[in-house]
Amino acid sequence: MGHVPLKVKKAVFPVAGLGTRFLPATKVLPKEMLILGSKPLIQHAYEEARAAGIEEFVFVSSRDKSLIESHFRPHSALHQTLTERHKTAELASLQDSTADEGRISVVYQDEPLGLGHAVWCAREAIGNEPFAVILPDDVVIGSPCLAQMIKAYEEVGGNLVAVENVPRAETCKYGVLDIEHDGGRLISVRGLVEKPEPAQAPSTLTIIGRYILQPEVFDHLSSAVKGVGGEIQLTDSLAKLIGVQPFHGFRFEGKRYDCGNSIGLLKANVAYAMNDNAAVGPLAEFLRDALNSNTASQQYSRAL
Ligand code: G1P
């Protein structure tokens, strides 16, 4: 019998970022509260984690983003009004955004020192067990990503990062894999580089915001070495685990959308609505008309 890896019960959600790519929308509103379908991004991330069997949710936040945790607290006045009015469907939807007492904890990242530092801020809440990391502005539509990763993790254990292929010109926006063996769904890795220039990138296979990690990563994060952009990069500490523990890239099913900028969020909203039986017909009709509505869009439409 093979060794059964420890169950992943906790997830970290780094949500302290300033959301500068989405100003002015994010001047007051946390970017994680922007809407995809009828839910804020953070709720999509929370539900994805819950569906993957996660029981404890650790938000690494900043002190002026308390709206995020408020979203998951019971709202007794609203609950009472809806009950009095027999609004069953609305009550059910409220239920999905209410976390059980004690399941969500918040730790603060008081300085924007990078993703590696954000994850390190969660070390006491995580303790000595494997954990997931979800970046809520990376949204996967089509098939829940973390649940797929947990399945793969049960086979191979160790550390897993979700990956996708990007155009070479975009490697400078992501953590990039140096591939040892590409097995299709699982990729064994020789190294990782954060945000390499296209000419220097070891491949075009990049990390998206889903990770399953072993607690040993905290040992490396604690040295707080700054990497590219002067930030403490999670990728640099992950690279140190390669060869010491199992480490795999994981090609997920579904499509990833970068919801940290307005065009990405708009695309995600369209893709999301396309999976909704009630919305797909009217939306497809609208998009056809929109494509024919002016000369610029007609040009694109003809080229398709
Ligand atoms: C972070 C990680 C990067 C990863 C990306 C996925 O970068 O540092 O390795 O590829 O998330 O979205 P950021 O987008 O925070 O610059």
# chains A, B, ... in the order shown; residues from 1 in each chain; ligands from 1
$ residues_near_ligand --ligand "ligand 1" --cutoff "6 Å" --atoms "only C-alpha atoms and all ligand atoms" --output "MDAnalysis selection string"
chainID A and resid 138 174:175 194 206:209 233 235
$ write_last_selection --atoms "N, CA, C and O atoms" --output "CSV table (one decimal), in the first residue's frame"
chain,number,residue,atom,x,y,z
A,138,ASP,N,-8.2,34.8,-9.6
A,138,ASP,CA,-8.0,33.8,-10.7
A,138,ASP,C,-9.3,32.9,-10.6
A,138,ASP,O,-9.4,32.2,-9.5
A,174,TYR,N,3.8,35.9,-14.7
A,174,TYR,CA,3.5,34.6,-13.9
A,174,TYR,C,4.7,33.9,-13.4
A,174,TYR,O,5.9,34.2,-13.8
A,175,GLY,N,4.5,32.9,-12.5
A,175,GLY,CA,5.5,32.0,-12.1
A,175,GLY,C,5.5,30.9,-13.2
A,175,GLY,O,4.5,30.5,-13.7
A,194,GLU,N,10.0,33.1,-11.2
A,194,GLU,CA,8.9,34.1,-11.1
A,194,GLU,C,9.1,35.2,-12.1
A,194,GLU,O,10.2,35.8,-12.2
A,206,THR,N,2.6,28.2,-17.0
A,206,THR,CA,2.6,29.1,-15.9
A,206,THR,C,1.7,28.7,-14.8
A,206,THR,O,0.7,28.0,-15.0
A,207,ILE,N,2.0,29.2,-13.6
A,207,ILE,CA,1.2,28.9,-12.4
A,207,ILE,C,0.0,29.8,-12.4
A,207,ILE,O,0.1,31.0,-12.6
A,208,ILE,N,-1.2,29.2,-12.1
A,208,ILE,CA,-2.4,30.1,-11.8
A,208,ILE,C,-2.6,30.0,-10.3
A,208,ILE,O,-2.0,29.2,-9.6
A,209,GLY,N,-3.6,30.8,-9.8
A,209,GLY,CA,-3.7,31.0,-8.4
A,209,GLY,C,-4.4,29.8,-7.6
A,209,GLY,O,-5.3,30.0,-6.8
A,233,GLN,N,8.5,36.5,-2.9
A,233,GLN,CA,7.7,35.7,-3.9
A,233,GLN,C,7.5,34.3,-3.3
A,233,GLN,O,8.4,33.7,-2.9
A,235,THR,N,6.8,31.8,-5.2
A,235,THR,CA,7.4,31.0,-6.2
A,235,THR,C,8.9,30.6,-5.8
A,235,THR,O,9.3,29.5,-5.9
$ residues_around --residues "segment 8-15 of chain A" --least-positions-apart "4" --cutoff "9 Å" --atoms "only C-alpha atoms" --output "number ranges by chain"
A: 30-32, 42, 45-46, 49, 53-62, 65, 68, 109, 115, 118-119, 122, 125-126, 129-136, 150, 212
$ select_by_dssp --residues "segment 148-229 of chain A" --states "helix (DSSP H, G or I)" --output "list in words"
Gln148, Met149, Ile150, Lys151, Ala152, Tyr153, Glu154, Glu155, Val156, Arg168, Ala169, Glu170, Thr171, Cys172, Lys173, Pro198, Ala199, Gln200, Val217, Phe218, Asp219, His220, Leu221, Val228 and Gly229 of chain A
$ write_last_selection --atoms "N, CA and C atoms" --output "PDB file, in the first residue's frame"
ATOM      1  N   GLN A 148     -10.333  19.121  -8.267  1.00  0.00           N
ATOM      2  CA  GLN A 148      -9.514  18.308  -9.187  1.00  0.00           C
ATOM      3  C   GLN A 148      -8.114  18.115  -8.605  1.00  0.00           C
ATOM      4  N   MET A 149      -7.598  19.206  -8.011  1.00  0.00           N
ATOM      5  CA  MET A 149      -6.236  19.137  -7.457  1.00  0.00           C
ATOM      6  C   MET A 149      -6.166  18.193  -6.262  1.00  0.00           C
ATOM      7  N   ILE A 150      -7.211  18.246  -5.427  1.00  0.00           N
ATOM      8  CA  ILE A 150      -7.225  17.380  -4.240  1.00  0.00           C
ATOM      9  C   ILE A 150      -7.175  15.910  -4.671  1.00  0.00           C
ATOM     10  N   LYS A 151      -7.913  15.591  -5.733  1.00  0.00           N
ATOM     11  CA  LYS A 151      -7.902  14.210  -6.249  1.00  0.00           C
ATOM     12  C   LYS A 151      -6.495  13.808  -6.670  1.00  0.00           C
ATOM     13  N   ALA A 152      -5.835  14.691  -7.423  1.00  0.00           N
ATOM     14  CA  ALA A 152      -4.479  14.392  -7.888  1.00  0.00           C
ATOM     15  C   ALA A 152      -3.532  14.293  -6.692  1.00  0.00           C
ATOM     16  N   TYR A 153      -3.729  15.181  -5.712  1.00  0.00           N
ATOM     17  CA  TYR A 153      -2.889  15.184  -4.503  1.00  0.00           C
ATOM     18  C   TYR A 153      -3.002  13.854  -3.754  1.00  0.00           C
ATOM     19  N   GLU A 154      -4.225  13.305  -3.736  1.00  0.00           N
ATOM     20  CA  GLU A 154      -4.402  12.018  -3.042  1.00  0.00           C
ATOM     21  C   GLU A 154      -3.562  10.917  -3.704  1.00  0.00           C
ATOM     22  N   GLU A 155      -3.251  11.097  -5.007  1.00  0.00           N
ATOM     23  CA  GLU A 155      -2.393  10.118  -5.696  1.00  0.00           C
ATOM     24  C   GLU A 155      -0.913  10.381  -5.441  1.00  0.00           C
ATOM     25  N   VAL A 156      -0.514  11.660  -5.550  1.00  0.00           N
ATOM     26  CA  VAL A 156       0.937  11.927  -5.575  1.00  0.00           C
ATOM     27  C   VAL A 156       1.490  12.620  -4.327  1.00  0.00           C
ATOM     28  N   ARG A 168       4.063  33.207 -25.140  1.00  0.00           N
ATOM     29  CA  ARG A 168       5.396  33.486 -24.585  1.00  0.00           C
ATOM     30  C   ARG A 168       5.535  34.942 -24.109  1.00  0.00           C
ATOM     31  N   ALA A 169       4.893  35.860 -24.804  1.00  0.00           N
ATOM     32  CA  ALA A 169       5.003  37.280 -24.431  1.00  0.00           C
ATOM     33  C   ALA A 169       4.489  37.562 -23.019  1.00  0.00           C
ATOM     34  N   GLU A 170       3.719  36.626 -22.465  1.00  0.00           N
ATOM     35  CA  GLU A 170       3.092  36.881 -21.158  1.00  0.00           C
ATOM     36  C   GLU A 170       3.787  36.212 -19.977  1.00  0.00           C
ATOM     37  N   THR A 171       4.918  35.549 -20.223  1.00  0.00           N
ATOM     38  CA  THR A 171       5.566  34.843 -19.107  1.00  0.00           C
ATOM     39  C   THR A 171       5.961  35.807 -17.983  1.00  0.00           C
ATOM     40  N   CYS A 172       6.183  37.080 -18.328  1.00  0.00           N
ATOM     41  CA  CYS A 172       6.620  38.060 -17.331  1.00  0.00           C
ATOM     42  C   CYS A 172       5.526  38.432 -16.330  1.00  0.00           C
ATOM     43  N   LYS A 173       4.344  37.830 -16.469  1.00  0.00           N
ATOM     44  CA  LYS A 173       3.267  38.106 -15.501  1.00  0.00           C
ATOM     45  C   LYS A 173       3.069  36.963 -14.506  1.00  0.00           C
ATOM     46  N   PRO A 198      10.187  36.995 -21.508  1.00  0.00           N
ATOM     47  CA  PRO A 198       9.883  35.919 -22.466  1.00  0.00           C
ATOM     48  C   PRO A 198      11.124  35.188 -22.975  1.00  0.00           C
ATOM     49  N   ALA A 199      12.178  35.917 -23.284  1.00  0.00           N
ATOM     50  CA  ALA A 199      13.370  35.262 -23.851  1.00  0.00           C
ATOM     51  C   ALA A 199      14.050  34.342 -22.838  1.00  0.00           C
ATOM     52  N   GLN A 200      13.888  34.642 -21.557  1.00  0.00           N
ATOM     53  CA  GLN A 200      14.567  33.826 -20.521  1.00  0.00           C
ATOM     54  C   GLN A 200      13.660  32.727 -19.944  1.00  0.00           C
ATOM     55  N   VAL A 217       7.046  24.806   3.480  1.00  0.00           N
ATOM     56  CA  VAL A 217       7.250  26.037   2.707  1.00  0.00           C
ATOM     57  C   VAL A 217       7.456  27.234   3.649  1.00  0.00           C
ATOM     58  N   PHE A 218       6.875  27.167   4.846  1.00  0.00           N
ATOM     59  CA  PHE A 218       7.016  28.287   5.792  1.00  0.00           C
ATOM     60  C   PHE A 218       8.474  28.466   6.236  1.00  0.00           C
ATOM     61  N   ASP A 219       9.230  27.338   6.306  1.00  0.00           N
ATOM     62  CA  ASP A 219      10.650  27.451   6.690  1.00  0.00           C
ATOM     63  C   ASP A 219      11.385  28.342   5.699  1.00  0.00           C
ATOM     64  N   HIS A 220      11.065  28.195   4.431  1.00  0.00           N
ATOM     65  CA  HIS A 220      11.737  29.000   3.405  1.00  0.00           C
ATOM     66  C   HIS A 220      11.200  30.421   3.379  1.00  0.00           C
ATOM     67  N   LEU A 221       9.874  30.540   3.548  1.00  0.00           N
ATOM     68  CA  LEU A 221       9.279  31.891   3.531  1.00  0.00           C
ATOM     69  C   LEU A 221       9.812  32.748   4.676  1.00  0.00           C
ATOM     70  N   VAL A 228      11.952  39.032  -7.484  1.00  0.00           N
ATOM     71  CA  VAL A 228      11.646  39.953  -8.570  1.00  0.00           C
ATOM     72  C   VAL A 228      10.635  41.021  -8.093  1.00  0.00           C
ATOM     73  N   GLY A 229      10.835  42.250  -8.540  1.00  0.00           N
ATOM     74  CA  GLY A 229       9.948  43.344  -8.159  1.00  0.00           C
ATOM     75  C   GLY A 229      10.133  43.794  -6.716  1.00  0.00           C
TER      76      GLY A 229
END
$ atom_distance --atom1 "atom CA of Ser188 of chain A" --atom2 "atom CA of Gly260 of chain A"
28.8 Å
$ closest_residue --among "A:Val161, A:Ile35, A:Ala25, A:Leu18" --to "Val189 of chain A" --atoms "only C-alpha atoms"
A:Val161
$ residues_around --residues "Arg21 of chain A" --least-positions-apart "4" --cutoff "9 Å" --atoms "only C-alpha atoms" --output "PyMOL selection string"
chain A and resi 26+260-262
$ residues_around --residues "Asn269 of chain A" --least-positions-apart "2" --cutoff "12 Å" --atoms "only C-alpha atoms" --output "list in words"
Leu34, Ile35, Leu36, Gly37, Ser38, Lys39, Pro40, Leu41, Val139, Val140, Ile141, Tyr257, Asp258, Cys259, Ser262, Ile263, Gly264, Leu265, Leu266, Lys267, Ala271, Tyr272, Ala273, Met274, Asn275, Asp276, Ala279, Val280 and Leu283 of chain A
$ residues_around --residues "Ser97 of chain A" --least-positions-apart "2" --cutoff "7 Å" --atoms "only C-alpha atoms" --output "list in words"
Gln43, His71, Phe72, Leu94, Gln95 and Ala99 of chain A
